[in-house]
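Visitor: One structure, pasted below without further comment.
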Amino acid sequence: MISNFLPRFRYMDQLQRFIQITRNTSKSELISFNTQYKSLYKIKPITYQLPGFYNYIKQEIIQGDIESLNKASTHYFSKEGKLIRPMLNLLYANHIEKNSQHTEQQRIWAAVIEILHVASLVHDDILDASDTRRGIPSSHTIFGKHRATFSANYLIGRAGRKISELDDIRMFQIYSQIMDNLTNGEYLQAMKQKSFHNFEITLQNYMIKTYYKTAALIANSLQGVCQLTNIKDAVCQKSFNIGLHLGVAFQIIDDVLDYTSNSEQLGKASLNDLKSGVLTGPVLFELFNQQKKQSPEYKLMNSVLLGESNQYDIVNQIVLAGEGIEQSKFLAYQHTQEALKILQSINSNPDQDLISLIFMFIDRNK
């Protein structure tokens, strides 16, 4: 049971606070806040770009001696992703250290983070039996499960090798922590719950999995950005917390999109989480909304989530018609607001592109 982790999960207090705020907010207040939240900030289109970044990764980091392994390992780099993580790293580096002398080190670290992220996607798709990713066939459907697994492991190895160029033991420690967290996240996702009667425990389990699977990579990534500068440790802890909240927000919105976007927009199958037995914010919030009403929909949702029924489309309709989507968005926006608050405590005049990128975490359709 994931709840066995609770006594030693150090970030639960931070995460639990926003869950309570969400639960205590009425539907009308949720909709009002969600509608107005993004308009509070003057968000402009992001101008910052990373042209050729994937070519740099493929040619300077991944390229090895075995051509077939190179081909499998670079498969997900054949079509550029959103590049949100490396862009966040490099914009954040400038936020905390203007005119930095560490630009090449930051570029290496940004590339390492993207490589580890892509390696996790390969493993993810194998475990979830997903056929597509980024609008192209998933790695294991082309190369088979064994070669795809080896390619992901190879990416992790090449990332570690590149970190050695930074000549900083602290960066290896962060790299090790990232791998520890990603493994925990995948393991927790593979665990299936036997019941959902206790709302508190079920939501806590979801948030713990969200931290390990997504938020920890972004949190440790920004901490690494700080470690590569001459900034004080207090700022590095703030950097970690910014990444923690942004990572949680990003994953929650990802979970919302599984219900609100189609396969073409996502670049992967929609309702994939639900069909794979992966429980996320929108369906969990709505499950317990229906439980409070003692509705027939509750029994149906419970049977689907326990794998006793395959009426996924009906559950999808219940979620879309209910409050679970708005509650999930509200929770994501609360975390985003906390990240912005910490960000501005470090530097009260953040770059407009950094603010725009942060809102890309929550305002997207894929």
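Identifiers in this document derive from the order of the structure tokens: chains are assigned A, B, ..., residues are numbered from 1 separately in each chain, and ligands are numbered from 1 in order of occurrence.
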Can you list, as a PyMOL selection string, every residue of segment 103-241 of chain A that DSSP puts in strand (DSSP E)?

Guide: chain A and resi 132-133+136-137

Visitor: Could you write those residues out with C-alpha atoms, as a compact mmCIF listing (two decimals), in the first residue's frame?

Guide:
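Result went into selection-v6.txt, see below:
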```txt
# COMPACT_ATOMS: atom_id res chain seq x y z
CA THR A 132 2.16 6.18 -29.79
CA ARG A 133 4.19 9.02 -28.33
CA ILE A 136 4.82 8.76 -33.79
CA PRO A 137 4.91 5.02 -33.03
```

Visitor: Please identify all polymer residues within 7 Å of Asn181 of chain A, counting only C-alpha atoms, omitting same-chain residues fewer than 5 positions from it, and present them as a list in words.

Guide: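 Near Asn181 of chain A, the qualifying residues are Tyr212, Lys213 and Ala216 of chain A.
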
Visitor: Output as CSV one row per residue of segment 229-267 of chain A within 8 Å of segment 321-338 of chain A: the closest atom pair and its distance in Å to one decimal place, counting only C-alpha atoms, sorted by chain and residue number ascending.

Guide:
```
residue,atom,partner,partner_atom,distance
A:Ile242,CA,A:Glu338,CA,7.7
A:His245,CA,A:His335,CA,4.9
A:Leu246,CA,A:Thr336,CA,5.7
A:Val248,CA,A:Ala332,CA,7.0
A:Ala249,CA,A:Ala332,CA,4.2
A:Phe250,CA,A:Ala332,CA,7.3
A:Ile252,CA,A:Ala332,CA,6.0
A:Ile253,CA,A:Lys329,CA,6.6
A:Val256,CA,A:Ile325,CA,6.3
```

Visitor: Would you mind exporting all heavy atoms of the selected residues as a CSV table (one decimal), in the first residue's frame?

Guide:
```
chain,number,residue,atom,x,y,z
A,242,ILE,N,10.3,25.5,-6.0
A,242,ILE,CA,9.7,26.0,-7.2
A,242,ILE,C,9.4,24.8,-8.2
A,242,ILE,O,8.3,24.7,-8.7
A,242,ILE,CB,10.5,27.1,-7.9
A,242,ILE,CG1,10.6,28.3,-7.1
A,242,ILE,CG2,10.0,27.4,-9.3
A,242,ILE,CD1,11.6,29.3,-7.5
A,245,HIS,N,6.5,22.4,-7.0
A,245,HIS,CA,5.1,22.9,-7.3
A,245,HIS,C,4.8,23.0,-8.8
A,245,HIS,O,3.7,22.6,-9.2
A,245,HIS,CB,4.9,24.3,-6.6
A,245,HIS,CG,4.9,24.3,-5.1
A,245,HIS,ND1,3.9,23.7,-4.4
A,245,HIS,CD2,5.8,24.7,-4.2
A,245,HIS,CE1,4.2,23.7,-3.1
A,245,HIS,NE2,5.3,24.4,-3.0
A,246,LEU,N,5.8,23.4,-9.6
A,246,LEU,CA,5.6,23.4,-11.0
A,246,LEU,C,5.4,22.0,-11.6
A,246,LEU,O,4.6,21.7,-12.4
A,246,LEU,CB,6.7,24.1,-11.7
A,246,LEU,CG,6.8,25.6,-11.6
A,246,LEU,CD1,8.1,26.1,-12.4
A,246,LEU,CD2,5.6,26.3,-12.1
A,248,VAL,N,4.2,19.3,-9.9
A,248,VAL,CA,2.9,18.8,-9.5
A,248,VAL,C,1.8,19.4,-10.4
A,248,VAL,O,1.0,18.7,-10.9
A,248,VAL,CB,2.6,19.2,-8.0
A,248,VAL,CG1,1.2,18.9,-7.7
A,248,VAL,CG2,3.5,18.3,-7.1
A,249,ALA,N,1.9,20.7,-10.7
A,249,ALA,CA,1.0,21.4,-11.5
A,249,ALA,C,1.0,20.8,-12.9
A,249,ALA,O,-0.1,20.5,-13.5
A,249,ALA,CB,1.2,22.9,-11.6
A,250,PHE,N,2.2,20.6,-13.5
A,250,PHE,CA,2.3,20.0,-14.8
A,250,PHE,C,1.6,18.7,-14.9
A,250,PHE,O,0.9,18.4,-15.9
A,250,PHE,CB,3.8,19.9,-15.2
A,250,PHE,CG,4.1,19.5,-16.6
A,250,PHE,CD1,4.2,20.4,-17.6
A,250,PHE,CD2,4.2,18.1,-16.9
A,250,PHE,CE1,4.4,19.9,-18.9
A,250,PHE,CE2,4.4,17.7,-18.2
A,250,PHE,CZ,4.5,18.6,-19.2
A,252,ILE,N,-0.7,17.3,-13.0
A,252,ILE,CA,-2.1,17.4,-12.8
A,252,ILE,C,-2.8,17.8,-14.1
A,252,ILE,O,-3.8,17.2,-14.5
A,252,ILE,CB,-2.5,18.3,-11.7
A,252,ILE,CG1,-2.0,17.8,-10.3
A,252,ILE,CG2,-4.0,18.6,-11.6
A,252,ILE,CD1,-2.2,18.7,-9.1
A,253,ILE,N,-2.3,18.8,-14.8
A,253,ILE,CA,-2.8,19.3,-16.1
A,253,ILE,C,-2.7,18.1,-17.1
A,253,ILE,O,-3.6,17.9,-17.9
A,253,ILE,CB,-2.2,20.6,-16.5
A,253,ILE,CG1,-2.5,21.7,-15.6
A,253,ILE,CG2,-2.6,20.9,-18.0
A,253,ILE,CD1,-4.0,22.0,-15.4
A,256,VAL,N,-5.5,16.0,-16.5
A,256,VAL,CA,-6.8,16.6,-17.0
A,256,VAL,C,-6.9,16.4,-18.5
A,256,VAL,O,-8.0,16.0,-19.0
A,256,VAL,CB,-6.8,18.1,-16.7
A,256,VAL,CG1,-7.9,18.8,-17.4
A,256,VAL,CG2,-7.0,18.3,-15.2
```

Visitor: Give the helix (DSSP H, G or I) residues of segment 99-342 of chain A, as DSSP finds them on the backbone, and put them as an MDAnalysis selection string.

Guide: chainID A and resid 103:128 139:166 169:190 199:227 233:260 263:266 272:275 281:293 296:305 312:321 324:342

Visitor: Neighbouring residues of Tyr48 of chain A were defined as those with any atom within 12 Å, considering only C-alpha atoms; residues of the same chain fewer than 6 positions away were excluded. Please report them as a PyMOL selection string.

Guide: chain A and resi 83-84+86-88+90-91+351-357

Visitor: Write the selection just made, keeping C-alpha atoms, as a PDB file, in the first residue's frame?

Guide:
```pdb
ATOM      1  CA  LEU A  83      11.361  21.292 -24.585  1.00  0.00           C
ATOM      2  CA  ILE A  84       9.696  22.734 -21.485  1.00  0.00           C
ATOM      3  CA  PRO A  86      15.466  22.493 -20.757  1.00  0.00           C
ATOM      4  CA  MET A  87      13.881  25.873 -21.483  1.00  0.00           C
ATOM      5  CA  LEU A  88      12.845  26.169 -17.842  1.00  0.00           C
ATOM      6  CA  LEU A  90      18.048  27.908 -18.922  1.00  0.00           C
ATOM      7  CA  LEU A  91      15.552  30.690 -18.280  1.00  0.00           C
ATOM      8  CA  ASP A 351      11.892  37.592 -17.224  1.00  0.00           C
ATOM      9  CA  GLN A 352       8.636  37.662 -19.206  1.00  0.00           C
ATOM     10  CA  ASP A 353       9.601  34.498 -21.110  1.00  0.00           C
ATOM     11  CA  LEU A 354      10.072  32.660 -17.813  1.00  0.00           C
ATOM     12  CA  ILE A 355       6.564  33.671 -16.679  1.00  0.00           C
ATOM     13  CA  SER A 356       5.134  32.696 -20.076  1.00  0.00           C
ATOM     14  CA  LEU A 357       6.862  29.321 -19.907  1.00  0.00           C
TER      15      LEU A 357
END
```

Visitor: Can you measure atom CA of Leu30 of chain A to atom CA of Met12 of chain A for me? One decimal in Å is fine.

Guide: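 Between these atoms lies a distance of 23.0 Å.
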
Visitor: Looking at A:Ile156, A:Ala234, A:Leu15, A:Leu228, which one is nearest to Leu203 of chain A, with distances taken over only C-alpha atoms?

Guide: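 Nearest to Leu203 of chain A: A:Leu15.
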
Visitor: Taking only C-alpha atoms into account, name the residue in A:Asn289, A:Ser100, A:Ser276, A:Ser164 that is nearest to Met301 of chain A.

Guide: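 Closest to Met301 of chain A of all the choices is A:Asn289.
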
Visitor: Neighbours of segment 144-155 of chain A within 9 Å (only C-alpha atoms; same-chain residues fewer than 4 positions away dropped), as a list in words?

Guide: Ile61, Ile62, Leu69, Asn70, Lys71, Ala72, Ser73, Thr74, Ile115, Leu116, Val118, Ala119, Ser120, Leu121, Val122, His123, Ile126, Ser139, His140, Ala159 and Gly160 of chain A

Visitor: State, in Å with one decimal place, the distance from atom CA of Thr210 of chain A to atom CA of Asp273 of chain A.

Guide: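 The value is 13.2 Å.
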